[in-house]
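Written out below as structure tokens is the structure these notes cover.
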Amino acid sequence: MSGMHARGRVPAHARIADAPPVPDFPAPAAPAYDPTYAPDITPPATSRMDKTAGTGKSGQGPKVENSKRPKVDLATEITASLVVFLVALPLCIGVAVASGVPAELGIISGVIGGLVVGAARGSTLQVSGPAAGLAALVAETVLEYGVAMLGVIVLGSGILQIVLGLVRLGRIFQAISLAVVQGMLAGIGLPLMFSQLYPMSDSKAPGTPIENMAGLPGLIADTFANPQALIAAGLGVVTIVLSFLWKKMPGPVKKIPAALVAVGIGIGVASLPGVDVKTLQVGNLLASVDVPGPTEFAGLADVGIITAILTFTVIASAESLFTAAAVDRMHSGPRTRYNPELIAQGAGNTVAGLLGALPITAVVARSSANVQAGAKTRLSRTLHGLWLLAFALLLPQVLALIPIAVLAGVLVHSGWKLFAPEEFPKMWRQDRGEFAVMTLTTLVIVATALLEGVLFGLAAGIVLAALRMSQTVIKQHLEEDTAKVVMAGNATFLRLPQLIEALEAAAEAGKPRIRLDLTGVTHLDHACRNQVEEFVAQQRGFGLRVELLMPGPAKPVGTASPVAYSADEWDRPAGTGLPRRPYASTGAGPTQGPGPTAEWFYLDTRPMPEEYASR
């Protein structure tokens, strides 16, 4: 009795005598949860029946509870915006200082991230602004081309992001190996940490990441020799410790951002008599706006500027969309719409470029603070930009009290989180090949630059994927007068040396007959196929008999084509109950075989009849 009968779906007596058995199909599984799915929350405007029946737009099925527009709690949104503002303020200033530009430009980018990107559609809860991940790249760009050219580069990146979003390529940035992404973040975080150890001790970093690492012994010696530098370093260390341990504080105290607590401690210590540490110098916010002019736009003829625009576009877009995927896992609200979000990021960078400010990306620290503060709509992230603008315009003298060492400590902590050393042993346990890609990406970024490292990591990831997809097994053995070569798996050009070695060994065996059995090959690329064809033609030219067994589609019996049997069918002993099934040879052709004299054997790919399969 079939499974269908056993469950009582079809009466046993209803089965027709000669009908094939009814297949026992499993019950349909529940659809898998898709974290990138963004439900349509727009109320239908077509008919009342849709509303009463609980259905949405045509073709989208019934609405679920999570797709309803979240109810706005104004008090919660305002509170969340203040929390994000307190986290964003020191980060905006610290990223600007680390990027080698005036602190005002970091605040301007933070304001744009709130008022422009925050008000746009795309993601609901992720917050944008100047990111620590781009600080090293911005510093390198400013050092090479100057602050004036930064606006043109950011403007070009913003326009390119808008174009990518309009042509719906937002999701293409998700098609990147996770190992490359983690290696990129680690390659950003490691140099950031070493570069900020110098301002944390009121010193100036030597330059490249390698130089910064090599100069650490001298930095430590100079710091201990200078009491004021030692005080600054102490403030930086306290900031780092607070950043790691503050979440373990009991009660509502831990809801206060650790960066804000560190800034308060730093201001208090800097105001003590006898303490002379470097503090932040903030000028007029409006006077810092530097709109690019014709001279700057003329720099677009420079290949280096175009390269910088492409680099900023790829990295800023990837970081924003990776952050969006991470933030979506933190809440149960509407999912990110990647193309609108990419357009929103592009709009923010376009405005930032026009004002000569820093590039904008989504930032994990601010976004997680926004989610944890209970925000449900875009209002909180938009308001945080308003608070940044008001604070910078009305209370700039307060910013001048913040020690630079504290901001550097905040960025050292951010660099450590980007570096994420725990991910390396985790990746080692999960996948050794991906671990190699991740490590190589990090090392190349540290040794050269971000773009070179990412490109190297992508290339390494592609090579790894190609090697794994090209799993080929080649066996060879001798039988009486025949040298046999059997190959199975995916035969690509990456396995060409192995294939050539096996063919040459078969030719050197000195047998009058060579059989090449490729019936187990699931994919044979042009390079391997051409090598096999050339080998067959060459050996036949030497007077050897070469048999080539290839997998191929079967043709119905009874056609006009000549019929051939595979070798194992002819050799099969009688009485086994397994039929010898004929298959038509496709004939020779330029794309099907080495020539009209080729001997082709085709493997039957049809399923075995039930009466034989059950034996």
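Please note that chains go A, B, ... in the order of the structure tokens, that every chain numbers its residues from 1, and that ligands are numbered from 1 in the order shown.
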**OP:** Might you pull out every residue within 9 Å of Gly234 (chain A), with only C-alpha atoms counted and same-chain residues fewer than 5 positions away left off, and present them as JSON, numbers by chain?
**Re:** {"A": [200, 201, 229, 239, 405]}
**OP:** Do a neighbour search on Arg513 (chain A) at 10 Å with only C-alpha atoms, toss out local chain neighbours closer than 6 positions, and write the hits as a list in words.
**Re:** Glu479, Glu480, Asp481, Thr482, Ala483, Lys484, Ala506, Ala507, Gln539, Arg540, Gly543, Leu544, Arg545, Val546 and Glu547 of chain A
**OP:** Using DSSP on the backbone, list every residue of region 300-474 of chain A that comes out as helix (DSSP H, G or I), and give them as an MDAnalysis selection string.
**Re:** chainID A and resid 300:301 303:328 338:354 364:372 379:394 396:399 404:419 423:430 432:447 450:469
Next, write the just-selected residues to a file, as a compact mmCIF listing (two decimals), in the first residue's frame, keeping C-alpha atoms as the atom set.
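Output (out-v2.txt):
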# COMPACT_ATOMS: atom_id res chain seq x y z
CA LEU A 300 38.38 64.77 -13.02
CA ALA A 301 40.73 64.40 -15.96
CA VAL A 303 43.04 58.95 -13.64
CA GLY A 304 43.88 58.92 -9.93
CA ILE A 305 40.77 60.97 -9.12
CA ILE A 306 38.55 58.63 -11.15
CA THR A 307 40.10 55.66 -9.36
CA ALA A 308 39.42 57.33 -6.00
CA ILE A 309 35.77 57.92 -6.97
CA LEU A 310 35.31 54.27 -7.90
CA THR A 311 37.04 53.15 -4.71
CA PHE A 312 34.88 55.38 -2.50
CA THR A 313 31.75 54.21 -4.33
CA VAL A 314 32.42 50.51 -3.93
CA ILE A 315 33.56 50.64 -0.32
CA ALA A 316 30.94 53.13 0.90
CA SER A 317 28.13 51.23 -0.85
CA ALA A 318 29.29 47.83 0.35
CA GLU A 319 29.74 49.04 3.94
CA SER A 320 26.28 50.67 3.94
CA LEU A 321 24.48 47.64 2.53
CA PHE A 322 26.39 45.18 4.74
CA THR A 323 25.41 47.33 7.71
CA ALA A 324 21.80 47.32 6.53
CA ALA A 325 21.76 43.53 6.52
CA ALA A 326 23.25 43.48 10.03
CA VAL A 327 20.76 46.07 11.35
CA ASP A 328 17.84 44.13 9.86
CA TYR A 338 18.48 47.94 -1.00
CA ASN A 339 18.05 49.99 -4.16
CA PRO A 340 16.24 52.90 -2.44
CA GLU A 341 18.81 52.74 0.35
CA LEU A 342 21.66 52.97 -2.16
CA ILE A 343 19.94 55.99 -3.75
CA ALA A 344 19.58 57.57 -0.30
CA GLN A 345 23.26 57.04 0.45
CA GLY A 346 24.09 58.54 -2.94
CA ALA A 347 21.94 61.59 -2.23
CA GLY A 348 23.74 62.11 1.08
CA ASN A 349 27.17 61.82 -0.52
CA THR A 350 26.14 64.17 -3.33
CA VAL A 351 25.18 66.86 -0.82
CA ALA A 352 28.31 66.15 1.25
CA GLY A 353 30.46 66.50 -1.87
CA LEU A 354 28.84 69.80 -2.80
CA VAL A 364 26.88 50.09 12.94
CA ALA A 365 27.53 51.84 16.29
CA ARG A 366 24.90 54.54 15.76
CA SER A 367 22.44 52.14 14.15
CA SER A 368 22.62 49.64 17.01
CA ALA A 369 22.20 52.47 19.53
CA ASN A 370 19.12 53.60 17.61
CA VAL A 371 17.59 50.10 17.70
CA GLN A 372 18.43 49.55 21.37
CA LEU A 379 12.09 60.10 12.80
CA SER A 380 14.78 59.34 15.39
CA ARG A 381 17.65 59.19 12.92
CA THR A 382 16.45 62.36 11.22
CA LEU A 383 16.22 64.28 14.51
CA HIS A 384 19.74 63.25 15.53
CA GLY A 385 21.04 65.26 12.57
CA LEU A 386 19.08 68.26 13.78
CA TRP A 387 20.61 67.99 17.28
CA LEU A 388 24.11 67.81 15.74
CA LEU A 389 23.46 70.96 13.73
CA ALA A 390 22.04 72.87 16.70
CA PHE A 391 24.89 71.80 19.03
CA ALA A 392 27.61 72.79 16.56
CA LEU A 393 26.04 76.17 15.81
CA LEU A 394 25.00 77.15 19.34
CA PRO A 396 30.88 75.26 19.72
CA GLN A 397 32.84 76.31 22.80
CA VAL A 398 31.89 73.05 24.51
CA LEU A 399 33.54 71.05 21.73
CA ILE A 404 41.84 64.65 21.35
CA ALA A 405 43.16 61.62 23.25
CA VAL A 406 39.59 60.68 24.23
CA LEU A 407 38.38 60.79 20.64
CA ALA A 408 41.40 58.74 19.59
CA GLY A 409 40.51 56.17 22.26
CA VAL A 410 36.97 55.95 20.86
CA LEU A 411 38.41 55.25 17.41
CA VAL A 412 40.87 52.65 18.74
CA HIS A 413 37.87 50.80 20.16
CA SER A 414 36.05 51.16 16.82
CA GLY A 415 39.14 49.81 15.03
CA TRP A 416 39.24 46.80 17.34
CA LYS A 417 35.57 46.06 16.64
CA LEU A 418 36.26 46.28 12.91
CA PHE A 419 39.34 44.07 13.23
CA GLU A 423 36.57 35.98 13.62
CA PHE A 424 39.91 34.55 12.47
CA PRO A 425 39.91 31.36 14.60
CA LYS A 426 36.20 31.02 13.95
CA MET A 427 36.80 31.12 10.19
CA TRP A 428 39.72 28.68 10.59
CA ARG A 429 37.41 26.14 12.23
CA GLN A 430 34.66 26.62 9.65
CA ARG A 432 40.38 26.79 5.94
CA GLY A 433 40.16 28.08 2.37
CA GLU A 434 37.99 31.05 3.34
CA PHE A 435 40.35 31.70 6.26
CA ALA A 436 43.21 32.03 3.77
CA VAL A 437 41.19 34.49 1.66
CA MET A 438 40.26 36.51 4.74
CA THR A 439 43.84 36.65 6.05
CA LEU A 440 45.36 37.50 2.67
CA THR A 441 42.83 40.31 2.16
CA THR A 442 43.72 41.81 5.54
CA LEU A 443 47.48 41.57 5.01
CA VAL A 444 47.37 43.07 1.50
CA ILE A 445 45.26 46.00 2.70
CA VAL A 446 47.67 46.69 5.56
CA ALA A 447 50.72 46.37 3.30
CA LEU A 450 42.31 49.37 0.64
CA LEU A 451 41.45 49.08 -3.06
CA GLU A 452 44.37 46.80 -3.85
CA GLY A 453 43.54 44.59 -0.88
CA VAL A 454 39.86 44.26 -1.77
CA LEU A 455 40.64 43.46 -5.40
CA PHE A 456 43.20 40.89 -4.31
CA GLY A 457 40.69 39.35 -1.92
CA LEU A 458 38.01 39.17 -4.61
CA ALA A 459 40.47 37.51 -6.98
CA ALA A 460 41.53 35.03 -4.29
CA GLY A 461 37.88 34.25 -3.52
CA ILE A 462 37.13 33.62 -7.20
CA VAL A 463 40.16 31.35 -7.55
CA LEU A 464 39.12 29.41 -4.44
CA ALA A 465 35.57 28.99 -5.79
CA ALA A 466 36.91 27.89 -9.19
CA LEU A 467 39.23 25.32 -7.61
CA ARG A 468 36.43 23.90 -5.53
CA MET A 469 34.08 23.75 -8.49
**OP:** Just the strand (DSSP E) stuff from region 492-553 of chain A, please, per backbone DSSP, written as a count of residues only.
**Re:** 17
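Separating CA of His523 (chain A) from CA of Thr492 (chain A) is a distance of 7.6 Å.
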